[in-house]
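**Student:** Sharing coords_18.cif, mmCIF, all heavy atoms:
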```cif
data_input
#
loop_
_atom_site.label_atom_id
_atom_site.label_comp_id
_atom_site.auth_asym_id
_atom_site.auth_seq_id
_atom_site.Cartn_x
_atom_site.Cartn_y
_atom_site.Cartn_z
N MET A 1477 -5.41 -4.90 18.96
CA MET A 1477 -5.70 -5.25 17.59
C MET A 1477 -4.47 -5.04 16.72
O MET A 1477 -3.76 -4.05 16.87
CB MET A 1477 -6.82 -4.37 17.04
CG MET A 1477 -8.18 -4.76 17.50
SD MET A 1477 -9.42 -3.65 16.80
CE MET A 1477 -9.94 -4.61 15.42
N LYS A 1478 -4.26 -5.97 15.84
CA LYS A 1478 -3.15 -5.83 14.91
C LYS A 1478 -3.58 -4.98 13.72
O LYS A 1478 -4.72 -5.07 13.27
CB LYS A 1478 -2.71 -7.19 14.41
CG LYS A 1478 -2.02 -8.02 15.46
CD LYS A 1478 -1.51 -9.29 14.86
CE LYS A 1478 -0.81 -10.11 15.90
NZ LYS A 1478 -0.25 -11.33 15.37
N ARG A 1479 -2.69 -4.16 13.25
CA ARG A 1479 -2.97 -3.35 12.07
C ARG A 1479 -2.79 -4.19 10.81
O ARG A 1479 -1.87 -4.99 10.71
CB ARG A 1479 -2.02 -2.18 11.98
CG ARG A 1479 -2.20 -1.18 13.06
CD ARG A 1479 -1.14 -0.14 12.90
NE ARG A 1479 -1.66 1.15 13.25
CZ ARG A 1479 -0.98 2.26 13.10
NH1 ARG A 1479 0.23 2.23 12.61
NH2 ARG A 1479 -1.50 3.40 13.44
N LYS A 1480 -3.65 -3.99 9.86
CA LYS A 1480 -3.51 -4.66 8.57
C LYS A 1480 -2.94 -3.65 7.58
O LYS A 1480 -3.41 -2.53 7.49
CB LYS A 1480 -4.85 -5.19 8.09
CG LYS A 1480 -5.36 -6.29 8.97
CD LYS A 1480 -6.43 -7.06 8.27
CE LYS A 1480 -6.88 -8.17 9.20
NZ LYS A 1480 -7.16 -9.36 8.55
N ARG A 1481 -1.91 -4.06 6.87
CA ARG A 1481 -1.28 -3.18 5.90
C ARG A 1481 -1.68 -3.60 4.50
O ARG A 1481 -1.84 -4.77 4.21
CB ARG A 1481 0.24 -3.26 6.01
CG ARG A 1481 0.73 -2.80 7.35
CD ARG A 1481 2.21 -2.83 7.51
NE ARG A 1481 2.95 -3.52 6.49
CZ ARG A 1481 4.23 -3.78 6.54
NH1 ARG A 1481 4.92 -3.43 7.59
NH2 ARG A 1481 4.84 -4.41 5.58
N GLN A 1482 -1.84 -2.64 3.66
CA GLN A 1482 -2.10 -2.90 2.25
C GLN A 1482 -0.76 -3.11 1.56
O GLN A 1482 0.08 -2.22 1.57
CB GLN A 1482 -2.85 -1.73 1.61
CG GLN A 1482 -4.22 -1.51 2.17
CD GLN A 1482 -5.17 -2.65 1.81
OE1 GLN A 1482 -4.97 -3.37 0.83
NE2 GLN A 1482 -6.18 -2.84 2.61
N ILE A 1483 -0.57 -4.28 1.00
CA ILE A 1483 0.69 -4.60 0.33
C ILE A 1483 0.45 -4.60 -1.17
O ILE A 1483 -0.45 -5.29 -1.66
CB ILE A 1483 1.22 -5.96 0.78
CG1 ILE A 1483 1.55 -5.92 2.27
CG2 ILE A 1483 2.45 -6.35 -0.03
CD1 ILE A 1483 1.93 -7.25 2.85
N ASP A 1484 1.23 -3.84 -1.89
CA ASP A 1484 1.15 -3.83 -3.35
C ASP A 1484 2.08 -4.93 -3.86
O ASP A 1484 3.30 -4.75 -3.92
CB ASP A 1484 1.56 -2.46 -3.90
CG ASP A 1484 1.38 -2.37 -5.40
OD1 ASP A 1484 1.22 -3.41 -6.07
OD2 ASP A 1484 1.39 -1.24 -5.91
N TRP A 1485 1.51 -6.07 -4.19
CA TRP A 1485 2.30 -7.23 -4.57
C TRP A 1485 3.04 -7.02 -5.88
O TRP A 1485 4.07 -7.64 -6.13
CB TRP A 1485 1.43 -8.49 -4.61
CG TRP A 1485 1.00 -8.85 -3.22
CD1 TRP A 1485 -0.23 -8.71 -2.67
CD2 TRP A 1485 1.83 -9.38 -2.18
NE1 TRP A 1485 -0.23 -9.11 -1.36
CE2 TRP A 1485 1.03 -9.54 -1.03
CE3 TRP A 1485 3.19 -9.73 -2.10
CZ2 TRP A 1485 1.53 -10.03 0.17
CZ3 TRP A 1485 3.68 -10.22 -0.90
CH2 TRP A 1485 2.86 -10.36 0.21
N ASN A 1486 2.56 -6.13 -6.73
CA ASN A 1486 3.30 -5.83 -7.96
C ASN A 1486 4.61 -5.12 -7.63
O ASN A 1486 5.63 -5.38 -8.26
CB ASN A 1486 2.45 -4.96 -8.90
CG ASN A 1486 1.34 -5.76 -9.53
OD1 ASN A 1486 1.50 -6.93 -9.83
ND2 ASN A 1486 0.19 -5.13 -9.71
N ASP A 1487 4.60 -4.24 -6.63
CA ASP A 1487 5.83 -3.59 -6.19
C ASP A 1487 6.80 -4.61 -5.60
O ASP A 1487 8.01 -4.55 -5.85
CB ASP A 1487 5.55 -2.52 -5.14
CG ASP A 1487 4.91 -1.27 -5.74
OD1 ASP A 1487 4.93 -1.12 -6.98
OD2 ASP A 1487 4.39 -0.46 -4.95
N VAL A 1488 6.29 -5.55 -4.83
CA VAL A 1488 7.13 -6.61 -4.25
C VAL A 1488 7.76 -7.44 -5.36
O VAL A 1488 8.96 -7.74 -5.34
CB VAL A 1488 6.31 -7.50 -3.29
CG1 VAL A 1488 7.14 -8.68 -2.81
CG2 VAL A 1488 5.78 -6.69 -2.12
N LYS A 1489 6.96 -7.79 -6.35
CA LYS A 1489 7.45 -8.59 -7.47
C LYS A 1489 8.58 -7.87 -8.21
O LYS A 1489 9.61 -8.46 -8.51
CB LYS A 1489 6.29 -8.88 -8.43
CG LYS A 1489 6.63 -9.75 -9.58
CD LYS A 1489 5.37 -10.01 -10.41
CE LYS A 1489 5.66 -10.87 -11.60
NZ LYS A 1489 4.45 -11.15 -12.38
N GLN A 1490 8.40 -6.58 -8.47
CA GLN A 1490 9.43 -5.80 -9.16
C GLN A 1490 10.71 -5.70 -8.31
O GLN A 1490 11.82 -5.79 -8.83
CB GLN A 1490 8.91 -4.40 -9.49
CG GLN A 1490 7.84 -4.39 -10.56
CD GLN A 1490 8.30 -5.05 -11.85
OE1 GLN A 1490 9.39 -4.79 -12.34
NE2 GLN A 1490 7.46 -5.91 -12.39
N TYR A 1491 10.55 -5.53 -7.02
CA TYR A 1491 11.70 -5.46 -6.11
C TYR A 1491 12.49 -6.77 -6.14
O TYR A 1491 13.72 -6.76 -6.26
CB TYR A 1491 11.20 -5.16 -4.70
CG TYR A 1491 12.27 -5.22 -3.65
CD1 TYR A 1491 13.16 -4.18 -3.48
CD2 TYR A 1491 12.40 -6.34 -2.82
CE1 TYR A 1491 14.16 -4.23 -2.51
CE2 TYR A 1491 13.38 -6.39 -1.85
CZ TYR A 1491 14.25 -5.34 -1.70
OH TYR A 1491 15.24 -5.40 -0.75
N LEU A 1492 11.79 -7.89 -6.05
CA LEU A 1492 12.47 -9.18 -6.01
C LEU A 1492 13.12 -9.54 -7.35
O LEU A 1492 14.14 -10.24 -7.37
CB LEU A 1492 11.47 -10.28 -5.60
CG LEU A 1492 10.98 -10.18 -4.16
CD1 LEU A 1492 9.92 -11.23 -3.90
CD2 LEU A 1492 12.12 -10.29 -3.19
N LYS A 1493 12.59 -9.04 -8.43
CA LYS A 1493 13.20 -9.30 -9.74
C LYS A 1493 14.63 -8.77 -9.79
O LYS A 1493 15.46 -9.27 -10.55
CB LYS A 1493 12.37 -8.67 -10.85
CG LYS A 1493 11.18 -9.49 -11.25
CD LYS A 1493 10.47 -8.85 -12.44
CE LYS A 1493 9.29 -9.70 -12.86
NZ LYS A 1493 8.60 -9.11 -14.03
N GLY A 1494 14.93 -7.77 -8.98
CA GLY A 1494 16.29 -7.22 -8.94
C GLY A 1494 17.32 -8.20 -8.40
O GLY A 1494 18.52 -8.01 -8.59
N TYR A 1495 16.88 -9.25 -7.74
CA TYR A 1495 17.78 -10.24 -7.16
C TYR A 1495 17.97 -11.47 -8.05
O TYR A 1495 18.85 -12.29 -7.81
CB TYR A 1495 17.29 -10.68 -5.79
CG TYR A 1495 17.38 -9.56 -4.78
CD1 TYR A 1495 16.28 -8.75 -4.51
CD2 TYR A 1495 18.57 -9.29 -4.13
CE1 TYR A 1495 16.36 -7.71 -3.60
CE2 TYR A 1495 18.66 -8.25 -3.22
CZ TYR A 1495 17.56 -7.47 -2.96
OH TYR A 1495 17.65 -6.44 -2.07
N ILE A 1496 17.15 -11.61 -9.08
CA ILE A 1496 17.24 -12.78 -9.97
C ILE A 1496 18.55 -12.74 -10.73
O ILE A 1496 18.95 -11.71 -11.25
CB ILE A 1496 16.04 -12.83 -10.93
CG1 ILE A 1496 14.77 -13.11 -10.13
CG2 ILE A 1496 16.24 -13.88 -12.01
CD1 ILE A 1496 13.50 -13.08 -10.94
N GLY A 1497 19.21 -13.88 -10.77
CA GLY A 1497 20.47 -13.99 -11.49
C GLY A 1497 21.70 -13.76 -10.63
O GLY A 1497 22.81 -13.80 -11.13
N ASP A 1498 21.49 -13.55 -9.34
CA ASP A 1498 22.61 -13.28 -8.44
C ASP A 1498 22.90 -14.47 -7.52
O ASP A 1498 22.02 -15.28 -7.26
CB ASP A 1498 22.31 -12.06 -7.56
CG ASP A 1498 22.23 -10.78 -8.35
OD1 ASP A 1498 22.82 -10.71 -9.44
OD2 ASP A 1498 21.57 -9.84 -7.86
N TYR A 1499 24.13 -14.54 -7.06
CA TYR A 1499 24.54 -15.53 -6.08
C TYR A 1499 24.66 -14.86 -4.72
O TYR A 1499 25.11 -13.72 -4.64
CB TYR A 1499 25.90 -16.15 -6.43
CG TYR A 1499 25.84 -17.14 -7.55
CD1 TYR A 1499 26.00 -16.75 -8.87
CD2 TYR A 1499 25.61 -18.49 -7.29
CE1 TYR A 1499 25.95 -17.67 -9.90
CE2 TYR A 1499 25.57 -19.41 -8.32
CZ TYR A 1499 25.73 -18.99 -9.62
OH TYR A 1499 25.67 -19.91 -10.63
N TYR A 1500 24.29 -15.57 -3.68
CA TYR A 1500 24.41 -15.06 -2.32
C TYR A 1500 25.04 -16.13 -1.45
O TYR A 1500 24.93 -17.32 -1.73
CB TYR A 1500 23.03 -14.68 -1.76
CG TYR A 1500 22.43 -13.53 -2.53
CD1 TYR A 1500 21.62 -13.75 -3.62
CD2 TYR A 1500 22.73 -12.23 -2.16
CE1 TYR A 1500 21.11 -12.69 -4.34
CE2 TYR A 1500 22.21 -11.16 -2.88
CZ TYR A 1500 21.40 -11.40 -3.97
OH TYR A 1500 20.90 -10.35 -4.68
N GLU A 1501 25.69 -15.71 -0.39
CA GLU A 1501 26.34 -16.65 0.53
C GLU A 1501 25.66 -16.59 1.89
O GLU A 1501 25.42 -15.51 2.43
CB GLU A 1501 27.81 -16.30 0.68
CG GLU A 1501 28.58 -17.32 1.50
CD GLU A 1501 30.06 -17.04 1.50
OE1 GLU A 1501 30.66 -17.06 0.41
OE2 GLU A 1501 30.60 -16.79 2.59
N ILE A 1502 25.35 -17.77 2.41
CA ILE A 1502 24.77 -17.87 3.75
C ILE A 1502 25.92 -17.78 4.74
O ILE A 1502 26.84 -18.60 4.69
CB ILE A 1502 23.97 -19.18 3.91
CG1 ILE A 1502 22.84 -19.21 2.89
CG2 ILE A 1502 23.45 -19.32 5.34
CD1 ILE A 1502 22.10 -20.53 2.83
N GLU A 1503 25.89 -16.80 5.61
CA GLU A 1503 27.01 -16.56 6.53
C GLU A 1503 27.26 -17.74 7.46
O GLU A 1503 28.41 -18.06 7.75
CB GLU A 1503 26.76 -15.31 7.36
CG GLU A 1503 26.88 -14.04 6.56
CD GLU A 1503 26.71 -12.81 7.43
OE1 GLU A 1503 26.89 -12.90 8.66
OE2 GLU A 1503 26.42 -11.74 6.86
N LYS A 1504 26.22 -18.36 7.95
CA LYS A 1504 26.37 -19.41 8.95
C LYS A 1504 27.23 -20.58 8.47
O LYS A 1504 28.04 -21.10 9.21
CB LYS A 1504 24.98 -19.91 9.36
CG LYS A 1504 25.00 -20.92 10.47
CD LYS A 1504 23.60 -21.28 10.90
CE LYS A 1504 23.62 -22.27 12.04
NZ LYS A 1504 22.27 -22.63 12.46
N ASN A 1505 27.03 -20.99 7.19
CA ASN A 1505 27.76 -22.16 6.71
C ASN A 1505 28.52 -21.92 5.40
O ASN A 1505 29.04 -22.85 4.81
CB ASN A 1505 26.81 -23.34 6.53
CG ASN A 1505 25.69 -23.05 5.56
OD1 ASN A 1505 25.71 -22.04 4.88
ND2 ASN A 1505 24.72 -23.93 5.52
N ALA A 1506 28.58 -20.68 4.95
CA ALA A 1506 29.29 -20.29 3.73
C ALA A 1506 28.74 -20.97 2.48
O ALA A 1506 29.41 -21.03 1.46
CB ALA A 1506 30.79 -20.54 3.86
N GLU A 1507 27.51 -21.46 2.54
CA GLU A 1507 26.88 -22.08 1.37
C GLU A 1507 26.45 -20.98 0.40
O GLU A 1507 25.91 -19.96 0.79
CB GLU A 1507 25.65 -22.88 1.80
CG GLU A 1507 24.95 -23.55 0.64
CD GLU A 1507 23.72 -24.32 1.11
OE1 GLU A 1507 23.47 -24.42 2.31
OE2 GLU A 1507 23.01 -24.80 0.23
N ARG A 1508 26.75 -21.19 -0.88
CA ARG A 1508 26.35 -20.22 -1.91
C ARG A 1508 25.04 -20.68 -2.53
O ARG A 1508 24.87 -21.86 -2.84
CB ARG A 1508 27.41 -20.12 -2.98
CG ARG A 1508 28.65 -19.41 -2.48
CD ARG A 1508 29.60 -19.14 -3.58
NE ARG A 1508 28.98 -18.19 -4.50
CZ ARG A 1508 29.49 -17.83 -5.66
NH1 ARG A 1508 30.63 -18.32 -6.05
NH2 ARG A 1508 28.87 -16.98 -6.45
N ILE A 1509 24.13 -19.74 -2.71
CA ILE A 1509 22.86 -20.06 -3.35
C ILE A 1509 22.66 -19.14 -4.53
O ILE A 1509 23.16 -18.01 -4.57
CB ILE A 1509 21.67 -19.94 -2.37
CG1 ILE A 1509 21.58 -18.54 -1.78
CG2 ILE A 1509 21.75 -20.98 -1.27
CD1 ILE A 1509 20.30 -18.28 -1.04
N TYR A 1510 21.94 -19.64 -5.51
CA TYR A 1510 21.64 -18.87 -6.72
C TYR A 1510 20.15 -18.56 -6.73
O TYR A 1510 19.33 -19.43 -6.47
CB TYR A 1510 22.01 -19.69 -7.96
CG TYR A 1510 21.59 -19.03 -9.25
CD1 TYR A 1510 22.28 -17.93 -9.73
CD2 TYR A 1510 20.51 -19.52 -9.98
CE1 TYR A 1510 21.90 -17.32 -10.93
CE2 TYR A 1510 20.13 -18.91 -11.16
CZ TYR A 1510 20.83 -17.82 -11.63
OH TYR A 1510 20.45 -17.22 -12.81
N ILE A 1511 19.81 -17.31 -7.01
CA ILE A 1511 18.42 -16.91 -7.11
C ILE A 1511 18.07 -16.88 -8.60
O ILE A 1511 18.54 -16.01 -9.33
CB ILE A 1511 18.17 -15.51 -6.49
CG1 ILE A 1511 18.68 -15.43 -5.06
CG2 ILE A 1511 16.70 -15.14 -6.59
CD1 ILE A 1511 18.01 -16.38 -4.10
N GLY A 1512 17.28 -17.85 -9.02
CA GLY A 1512 16.91 -17.95 -10.42
C GLY A 1512 15.46 -17.61 -10.65
O GLY A 1512 14.67 -17.46 -9.72
N SER A 1513 15.07 -17.52 -11.89
CA SER A 1513 13.69 -17.18 -12.23
C SER A 1513 12.82 -18.42 -12.36
O SER A 1513 11.63 -18.31 -12.64
CB SER A 1513 13.66 -16.40 -13.55
OG SER A 1513 14.18 -17.20 -14.58
N ASP A 1514 13.38 -19.59 -12.14
CA ASP A 1514 12.64 -20.84 -12.31
C ASP A 1514 12.09 -21.37 -10.97
O ASP A 1514 12.23 -22.54 -10.66
CB ASP A 1514 13.52 -21.88 -12.97
CG ASP A 1514 14.81 -22.14 -12.20
OD1 ASP A 1514 15.16 -21.32 -11.33
OD2 ASP A 1514 15.48 -23.14 -12.48
N LEU A 1515 11.43 -20.50 -10.22
CA LEU A 1515 10.84 -20.89 -8.95
C LEU A 1515 9.65 -21.81 -9.17
O LEU A 1515 8.93 -21.67 -10.16
CB LEU A 1515 10.38 -19.67 -8.17
CG LEU A 1515 11.47 -18.75 -7.65
CD1 LEU A 1515 10.83 -17.50 -7.05
CD2 LEU A 1515 12.31 -19.44 -6.61
N PRO A 1516 9.40 -22.74 -8.27
CA PRO A 1516 8.21 -23.57 -8.37
C PRO A 1516 6.95 -22.70 -8.31
O PRO A 1516 6.96 -21.61 -7.75
CB PRO A 1516 8.28 -24.47 -7.13
CG PRO A 1516 9.69 -24.41 -6.68
CD PRO A 1516 10.23 -23.08 -7.12
N GLU A 1517 5.86 -23.20 -8.88
CA GLU A 1517 4.62 -22.43 -8.93
C GLU A 1517 4.13 -21.99 -7.58
O GLU A 1517 3.52 -20.93 -7.43
CB GLU A 1517 3.52 -23.25 -9.61
CG GLU A 1517 3.48 -23.07 -11.10
CD GLU A 1517 2.27 -23.73 -11.71
OE1 GLU A 1517 1.16 -23.57 -11.16
OE2 GLU A 1517 2.44 -24.41 -12.71
N CYS A 1518 4.38 -22.78 -6.53
CA CYS A 1518 3.87 -22.44 -5.20
C CYS A 1518 4.48 -21.14 -4.68
O CYS A 1518 3.95 -20.53 -3.77
CB CYS A 1518 4.10 -23.57 -4.21
SG CYS A 1518 5.82 -24.03 -3.97
N TYR A 1519 5.60 -20.67 -5.27
CA TYR A 1519 6.22 -19.42 -4.84
C TYR A 1519 5.92 -18.28 -5.78
O TYR A 1519 6.39 -17.19 -5.60
CB TYR A 1519 7.73 -19.58 -4.73
CG TYR A 1519 8.13 -20.54 -3.64
CD1 TYR A 1519 8.67 -21.78 -3.95
CD2 TYR A 1519 7.97 -20.21 -2.32
CE1 TYR A 1519 9.05 -22.66 -2.96
CE2 TYR A 1519 8.35 -21.08 -1.31
CZ TYR A 1519 8.88 -22.30 -1.65
OH TYR A 1519 9.25 -23.15 -0.66
N GLN A 1520 5.17 -18.54 -6.85
CA GLN A 1520 4.88 -17.51 -7.82
C GLN A 1520 3.47 -17.00 -7.66
O GLN A 1520 2.58 -17.73 -7.27
CB GLN A 1520 5.07 -18.05 -9.24
CG GLN A 1520 6.49 -18.45 -9.53
CD GLN A 1520 6.63 -19.00 -10.93
OE1 GLN A 1520 5.75 -18.86 -11.76
NE2 GLN A 1520 7.75 -19.62 -11.21
N GLN A 1521 3.27 -15.74 -7.96
CA GLN A 1521 1.92 -15.15 -7.90
C GLN A 1521 1.41 -14.92 -9.29
O GLN A 1521 2.06 -14.58 -10.17
CB GLN A 1521 1.97 -13.81 -7.16
CG GLN A 1521 2.02 -13.96 -5.69
CD GLN A 1521 0.62 -13.93 -5.08
OE1 GLN A 1521 -0.33 -13.46 -5.67
NE2 GLN A 1521 0.51 -14.47 -3.90
#
```
What do you get writing this file as C-alpha coordinates?
**Tutor:**
Amino acid sequence: MKRKRQIDWNDVKQYLKGYIGDYYEIEKNAERIYIGSDLPECYQQ
(Lines of atoms letter the chains of each structure in order from A and count residues from 1; the text may use other names and numbers.)
(Lines give C-alpha, C1' and ligand atoms only; values in the text may rest on other atoms or scores of the structure.)
Protein backbone atom coordinates (compact mmCIF):
# COMPACT_ATOMS: atom_id res chain seq x y z
CA MET A 1 0.00 0.00 0.00
CA LYS A 2 1.16 3.46 -0.80
CA ARG A 3 1.21 6.01 1.98
CA LYS A 4 -0.86 9.13 1.53
CA ARG A 5 0.71 12.34 2.76
CA GLN A 6 -1.13 15.40 3.91
CA ILE A 7 0.13 18.32 1.85
CA ASP A 8 -0.43 21.85 3.10
CA TRP A 9 -0.95 23.62 -0.22
CA ASN A 10 -0.73 27.04 1.42
CA ASP A 11 2.84 26.20 2.48
CA VAL A 12 3.63 25.08 -1.08
CA LYS A 13 2.18 28.31 -2.46
CA GLN A 14 4.29 30.43 -0.11
CA TYR A 15 7.42 28.43 -0.98
CA LEU A 16 6.89 28.86 -4.72
CA LYS A 17 6.27 32.58 -4.38
CA GLY A 18 9.94 32.87 -3.46
CA TYR A 19 10.85 31.96 -7.04
CA ILE A 20 8.59 34.51 -8.77
CA GLY A 21 10.53 37.20 -10.57
CA ASP A 22 13.68 35.13 -11.07
CA TYR A 23 15.41 33.79 -14.16
CA TYR A 24 16.70 30.23 -14.35
CA GLU A 25 18.82 28.41 -16.91
CA ILE A 26 18.10 24.92 -18.17
CA GLU A 27 21.44 23.10 -18.09
CA LYS A 28 20.72 20.79 -21.01
CA ASN A 29 20.30 23.55 -23.60
CA ALA A 30 21.28 26.77 -21.75
CA GLU A 31 17.77 28.17 -22.32
CA ARG A 32 16.83 30.89 -19.84
CA ILE A 33 13.33 30.92 -18.42
CA TYR A 34 11.53 33.52 -16.35
CA ILE A 35 9.21 32.56 -13.51
CA GLY A 36 6.43 35.13 -13.47
CA SER A 37 3.25 35.56 -11.50
CA ASP A 38 1.07 35.47 -14.62
CA LEU A 39 0.58 31.69 -14.75
CA PRO A 40 -2.44 30.34 -16.62
CA GLU A 41 -5.42 29.46 -14.41
CA CYS A 42 -4.84 25.73 -14.87
CA TYR A 43 -1.64 26.08 -12.77
CA GLN A 44 -3.17 28.23 -10.05
CA GLN A 45 -5.03 27.05 -6.97
**Student:** Name the residues captured by the PyMOL selection byres (((chain A and resi 1513 and name CA) around 8) and name CA) when it is applied to the shown file; answer as a ChimeraX atom specification.
**Tutor:** /A:1496-1497,1511-1512,1514-1515
**Student:** Expand the PyMOL selection byres ((chain A and resi 1499) around 5) into the explicit residue set it covers here, and present it as a PyMOL selection string.
**Tutor:** chain A and resi 1497-1498+1500-1501+1508-1510
**Student:** Save the residues we just selected, all heavy atoms, as a CSV table (one decimal), keeping the file's coordinate frame?
**Tutor:**
```csv
chain,number,residue,atom,x,y,z
A,1497,GLY,N,19.2,-13.9,-10.8
A,1497,GLY,CA,20.5,-14.0,-11.5
A,1497,GLY,C,21.7,-13.8,-10.6
A,1497,GLY,O,22.8,-13.8,-11.1
A,1498,ASP,N,21.5,-13.6,-9.3
A,1498,ASP,CA,22.6,-13.3,-8.4
A,1498,ASP,C,22.9,-14.5,-7.5
A,1498,ASP,O,22.0,-15.3,-7.3
A,1498,ASP,CB,22.3,-12.1,-7.6
A,1498,ASP,CG,22.2,-10.8,-8.4
A,1498,ASP,OD1,22.8,-10.7,-9.4
A,1498,ASP,OD2,21.6,-9.8,-7.9
A,1500,TYR,N,24.3,-15.6,-3.7
A,1500,TYR,CA,24.4,-15.1,-2.3
A,1500,TYR,C,25.0,-16.1,-1.4
A,1500,TYR,O,24.9,-17.3,-1.7
A,1500,TYR,CB,23.0,-14.7,-1.8
A,1500,TYR,CG,22.4,-13.5,-2.5
A,1500,TYR,CD1,21.6,-13.8,-3.6
A,1500,TYR,CD2,22.7,-12.2,-2.2
A,1500,TYR,CE1,21.1,-12.7,-4.3
A,1500,TYR,CE2,22.2,-11.2,-2.9
A,1500,TYR,CZ,21.4,-11.4,-4.0
A,1500,TYR,OH,20.9,-10.4,-4.7
A,1501,GLU,N,25.7,-15.7,-0.4
A,1501,GLU,CA,26.3,-16.6,0.5
A,1501,GLU,C,25.7,-16.6,1.9
A,1501,GLU,O,25.4,-15.5,2.4
A,1501,GLU,CB,27.8,-16.3,0.7
A,1501,GLU,CG,28.6,-17.3,1.5
A,1501,GLU,CD,30.1,-17.0,1.5
A,1501,GLU,OE1,30.7,-17.1,0.4
A,1501,GLU,OE2,30.6,-16.8,2.6
A,1508,ARG,N,26.8,-21.2,-0.9
A,1508,ARG,CA,26.4,-20.2,-1.9
A,1508,ARG,C,25.0,-20.7,-2.5
A,1508,ARG,O,24.9,-21.9,-2.8
A,1508,ARG,CB,27.4,-20.1,-3.0
A,1508,ARG,CG,28.6,-19.4,-2.5
A,1508,ARG,CD,29.6,-19.1,-3.6
A,1508,ARG,NE,29.0,-18.2,-4.5
A,1508,ARG,CZ,29.5,-17.8,-5.7
A,1508,ARG,NH1,30.6,-18.3,-6.0
A,1508,ARG,NH2,28.9,-17.0,-6.4
A,1509,ILE,N,24.1,-19.7,-2.7
A,1509,ILE,CA,22.9,-20.1,-3.4
A,1509,ILE,C,22.7,-19.1,-4.5
A,1509,ILE,O,23.2,-18.0,-4.6
A,1509,ILE,CB,21.7,-19.9,-2.4
A,1509,ILE,CG1,21.6,-18.5,-1.8
A,1509,ILE,CG2,21.8,-21.0,-1.3
A,1509,ILE,CD1,20.3,-18.3,-1.0
A,1510,TYR,N,21.9,-19.6,-5.5
A,1510,TYR,CA,21.6,-18.9,-6.7
A,1510,TYR,C,20.2,-18.6,-6.7
A,1510,TYR,O,19.3,-19.4,-6.5
A,1510,TYR,CB,22.0,-19.7,-8.0
A,1510,TYR,CG,21.6,-19.0,-9.2
A,1510,TYR,CD1,22.3,-17.9,-9.7
A,1510,TYR,CD2,20.5,-19.5,-10.0
A,1510,TYR,CE1,21.9,-17.3,-10.9
A,1510,TYR,CE2,20.1,-18.9,-11.2
A,1510,TYR,CZ,20.8,-17.8,-11.6
A,1510,TYR,OH,20.4,-17.2,-12.8
```
**Student:** CA of Ile1502 (chain A) and CA of Val1488 (chain A), how far apart in Å?
**Tutor:**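 About the pair CA of Val1488 (chain A) and CA of Ile1502 (chain A): they are 22.4 Å apart.
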**Student:** Do you have the CZ of Tyr1491 (chain A)-CB of Glu1503 (chain A) distance handy?
**Tutor:**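 CB of Glu1503 (chain A) lies at a distance of 18.4 Å from CZ of Tyr1491 (chain A).
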**Student:** Between atom O of Gly1494 (chain A) and atom O of Glu1507 (chain A), what is the distance, to one decimal in Å?
**Tutor:**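 Result for atom O of Gly1494 (chain A) versus atom O of Glu1507 (chain A): 16.9 Å, one decimal.
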